[in-house]
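One structure is given here, and the rest of the page talks about it.
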Amino acid sequence: MISAYQYRIYPSEQQKHNLAIHFGHNRYIWNEALRFIKYHNNGKYTSREKMQLRLTQIKKEITWLPNAHSQTLQATLKRLDIAFQRFFKKQSGYPKTKRRNTEQSIEFPQSSKVDFSLNCVKLPKIGYVRAKLHQKFKGDIKTCYVGKTPSNEYYACFVIDDGLPLPEVNTDVEPTGIDLGIKELVIGSNGKKYGNNKYLKQKLRHLRKAMKTMARRSKKKNKLVTDKEMFGPYSKENPLQSFMQVKEVWSNRREKARLQVARIYRDIVNCRNDYLHKVSRELVDENDGLVFENLNIRGMVRNRRLAQAIMDCAWGKLIQLCEYKSARAGKVCIKIDTFFASSKTCSTCENKYHGLTLNERTWTCEHCGSRHDRDVNAALNISAEGKRLLEQMIKNGDFENQEKPRKSRYGNKKKDSILESVKQSAGLAERGEVVSRESVFANFIEACQEKHPGDAEATSFRAW
């Protein structure tokens, strides 16, 4: 089972400098690859292998680039390849260039260690870094990600494989329907509701004030710097002219204002993630199975009046947390169709009320006269649809062979084919072992017939 553990690290000033060098070098490789694709390759993406071959040429031309860890540069190209693959599948937008004031991250695929006795982590070319190891783990470290947030905080994330399989999913359950909303974050079919704390709305006044302050700060300022090696003509009006020069440097006051904005955003994200983890853990522990709607969140945020409130709810994050926690607990977590009319359908007689609007929180069925709460009725309909979908998935055998390995994207190779026998005989000859000439020739002819069935030339070889 693959899991990730994230720790806060506290590097020294020299280690911060070394990490900044790694961040800058990997950022340069990312931006240079995007620049090459856009201007020198007519906007067409090449394969990751060709980009890595081009990386070796760039490292010969640029002298300061080999200072960074070589595997981190290759991992950056791998992540760029993943970003393009997601773009081709229409799962995300076109990859953008990286900037130094945004979130920075690098990957160390090997040679990273965690020492729980010393409360530190070891990173290649960085050394031992002090860390707050709040949780221990057992297993092999697959890779390590080191990141720096916009609020100048450093984190190390370790991907661990503990070698334990996922438990079997228990399908003989009554799943609970979950309806997601803005007024109430979670509404269950059992009648339990979880409120929406609206963390962004709580901090919005402080955030606006901090962003106005940052907008008034200039990005650059002129600063007089002494230069002892510069000698010029002496003048009575400006006697220090020969020893001073004007340089443009980044404004410290703007950097302080930017940090204030970043810390407010950090507090909002931390509070929201903490609440979502608590809600998802309680949902998974108290219910045998969960059923969600497959919401089209990208389409919903096009409504400019509700976009901020919808994004503040983080529905996608909540569903993602419930999915992986249910998989580890061996419980069912299903998504129903996006266009299933959960709010408009009566949970008693299945009659549809097509005139339902967003303002109507309660409505009465015209067919059976039942009065429904909009959200609870939607949760009941989601639960019923989830039961039907679960039975269909059991009949199709979707929960069988859960530990079956993933198929190779290159297809299944024939192990017992005649071509393998030809390769095997060729390998024996290379190692100096005795191989009969007739057997190699016979295997070659049979391989040609297998490769080109019905071809006259292949049969003529055998006659010859």
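Numbering starts fresh at 1 for the residues of each chain in the structure tokens, the chains themselves are lettered A, B, ... in the order given, and ligands are numbered from 1 as they appear.
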
Run DSSP on the backbone and grab whatever in stretch 18-225 of chain A lands in helix (DSSP H, G or I); send it over as a ChimeraX atom specification. /A:18-40,48-61,65-67,70-88,199-216

Neighbouring residues of A:Thr102 were defined as those with any atom within 6 Å, considering only C-alpha atoms; residues of the same chain fewer than 2 positions away were excluded. Please report them as a list in words. Arg99, Arg100 and Pro150 of chain A

At a cut-off of 9 Å, can you tabulate as a tab-separated table every residue of stretch 284-384 of chain A near stretch 182-191 of chain A together with its closest atom pair and the distance in Å to one decimal, using only C-alpha atoms and ordering rows by chain then number?
```
residue	atom	partner	partner_atom	distance
A:Ala309	CA	A:Ile182	CA	6.9
A:Ile310	CA	A:Ile182	CA	6.8
A:Asp312	CA	A:Ile182	CA	8.9
A:Cys313	CA	A:Ile182	CA	6.8
A:Trp315	CA	A:Leu185	CA	8.3
A:Asp375	CA	A:Ile187	CA	6.5
A:Val376	CA	A:Ser189	CA	6.1
A:Asn377	CA	A:Ser189	CA	7.8
A:Ala378	CA	A:Ser189	CA	8.1
A:Ala379	CA	A:Ser189	CA	4.7
A:Leu380	CA	A:Ser189	CA	4.9
A:Asn381	CA	A:Ser189	CA	8.4
A:Ile382	CA	A:Ser189	CA	8.1
A:Ser383	CA	A:Ser189	CA	6.8
```

With N, CA, C and O atoms retained, export the selected residues as a compact mmCIF listing (two decimals), in the first residue's frame.
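As written to disk, out03.txt reads:
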```txt
# COMPACT_ATOMS: atom_id res chain seq x y z
N ALA A 309 -18.11 30.99 -3.25
CA ALA A 309 -18.66 30.12 -2.20
C ALA A 309 -18.43 28.66 -2.53
O ALA A 309 -18.16 27.84 -1.64
N ILE A 310 -18.54 28.29 -3.82
CA ILE A 310 -18.33 26.89 -4.22
C ILE A 310 -16.88 26.49 -4.03
O ILE A 310 -16.57 25.40 -3.51
N ASP A 312 -14.80 27.76 -1.96
CA ASP A 312 -14.49 27.75 -0.53
C ASP A 312 -14.93 26.45 0.13
O ASP A 312 -14.39 26.05 1.16
N CYS A 313 -15.92 25.75 -0.46
CA CYS A 313 -16.39 24.48 0.11
C CYS A 313 -15.39 23.34 -0.11
O CYS A 313 -15.29 22.44 0.73
N TRP A 315 -15.40 20.80 -2.43
CA TRP A 315 -16.11 19.52 -2.56
C TRP A 315 -15.20 18.44 -3.13
O TRP A 315 -15.22 17.29 -2.69
N ASP A 375 -32.34 19.18 0.47
CA ASP A 375 -31.06 18.49 0.62
C ASP A 375 -31.23 17.06 1.11
O ASP A 375 -30.56 16.13 0.62
N VAL A 376 -32.11 16.83 2.08
CA VAL A 376 -32.33 15.48 2.60
C VAL A 376 -32.95 14.60 1.52
O VAL A 376 -32.60 13.42 1.38
N ASN A 377 -33.87 15.15 0.74
CA ASN A 377 -34.48 14.39 -0.35
C ASN A 377 -33.43 13.99 -1.39
O ASN A 377 -33.44 12.86 -1.90
N ALA A 378 -32.50 14.91 -1.69
CA ALA A 378 -31.43 14.59 -2.64
C ALA A 378 -30.52 13.49 -2.09
O ALA A 378 -30.11 12.58 -2.83
N ALA A 379 -30.23 13.52 -0.79
CA ALA A 379 -29.39 12.48 -0.19
C ALA A 379 -30.07 11.12 -0.24
O ALA A 379 -29.42 10.09 -0.50
N LEU A 380 -31.39 11.07 -0.01
CA LEU A 380 -32.13 9.80 -0.09
C LEU A 380 -32.13 9.24 -1.51
O LEU A 380 -31.96 8.03 -1.72
N ASN A 381 -32.30 10.12 -2.50
CA ASN A 381 -32.26 9.66 -3.89
C ASN A 381 -30.87 9.19 -4.29
O ASN A 381 -30.72 8.21 -5.04
N ILE A 382 -29.85 9.85 -3.79
CA ILE A 382 -28.47 9.42 -4.08
C ILE A 382 -28.20 8.06 -3.47
O ILE A 382 -27.54 7.20 -4.07
N SER A 383 -28.71 7.82 -2.25
CA SER A 383 -28.53 6.52 -1.61
C SER A 383 -29.22 5.41 -2.40
O SER A 383 -28.65 4.32 -2.60
```

Mind checking which residues fall within 12 Å of A:Lys325, counting only C-alpha atoms, ignoring those fewer than 5 positions away in the same chain, and posting them as a VMD selection string? chain A and resid 3 166 to 167 277 to 285 289 to 290 318 to 320 330 to 333

Go ahead and dump the residues you just picked, C-alpha atoms, as a short mmCIF file (atom, residue, chain, number, x, y, z; two decimals), in the first residue's frame.
```cif
data_model
loop_
_atom_site.label_atom_id
_atom_site.label_comp_id
_atom_site.auth_asym_id
_atom_site.auth_seq_id
_atom_site.Cartn_x
_atom_site.Cartn_y
_atom_site.Cartn_z
CA SER A 3 1.08 6.26 1.44
CA LEU A 166 -5.43 -3.13 0.49
CA PRO A 167 -8.22 -4.94 2.36
CA HIS A 277 -9.99 15.59 7.29
CA LYS A 278 -12.13 15.45 10.42
CA VAL A 279 -15.40 15.31 8.44
CA SER A 280 -14.12 12.65 6.02
CA ARG A 281 -12.77 10.50 8.86
CA GLU A 282 -16.11 10.65 10.69
CA LEU A 283 -18.04 9.83 7.50
CA VAL A 284 -15.90 6.78 6.74
CA ASP A 285 -15.94 5.46 10.33
CA GLY A 289 -20.43 2.82 2.45
CA LEU A 290 -20.64 6.26 0.84
CA LEU A 318 -13.64 16.13 0.42
CA ILE A 319 -14.59 13.42 -2.10
CA GLN A 320 -10.91 12.61 -2.70
CA GLY A 330 -12.23 -1.78 2.93
CA LYS A 331 -15.48 0.13 2.41
CA VAL A 332 -17.46 1.13 -0.64
CA CYS A 333 -17.26 4.65 -2.10
#
```

When you look at A:Glu13 with a cut-off of 12 Å (counting only C-alpha atoms), what residues show up, excluding the ones that are within fewer than 5 positions of it in the same chain? I need them as a VMD selection string. chain A and resid 18 to 20 126 129
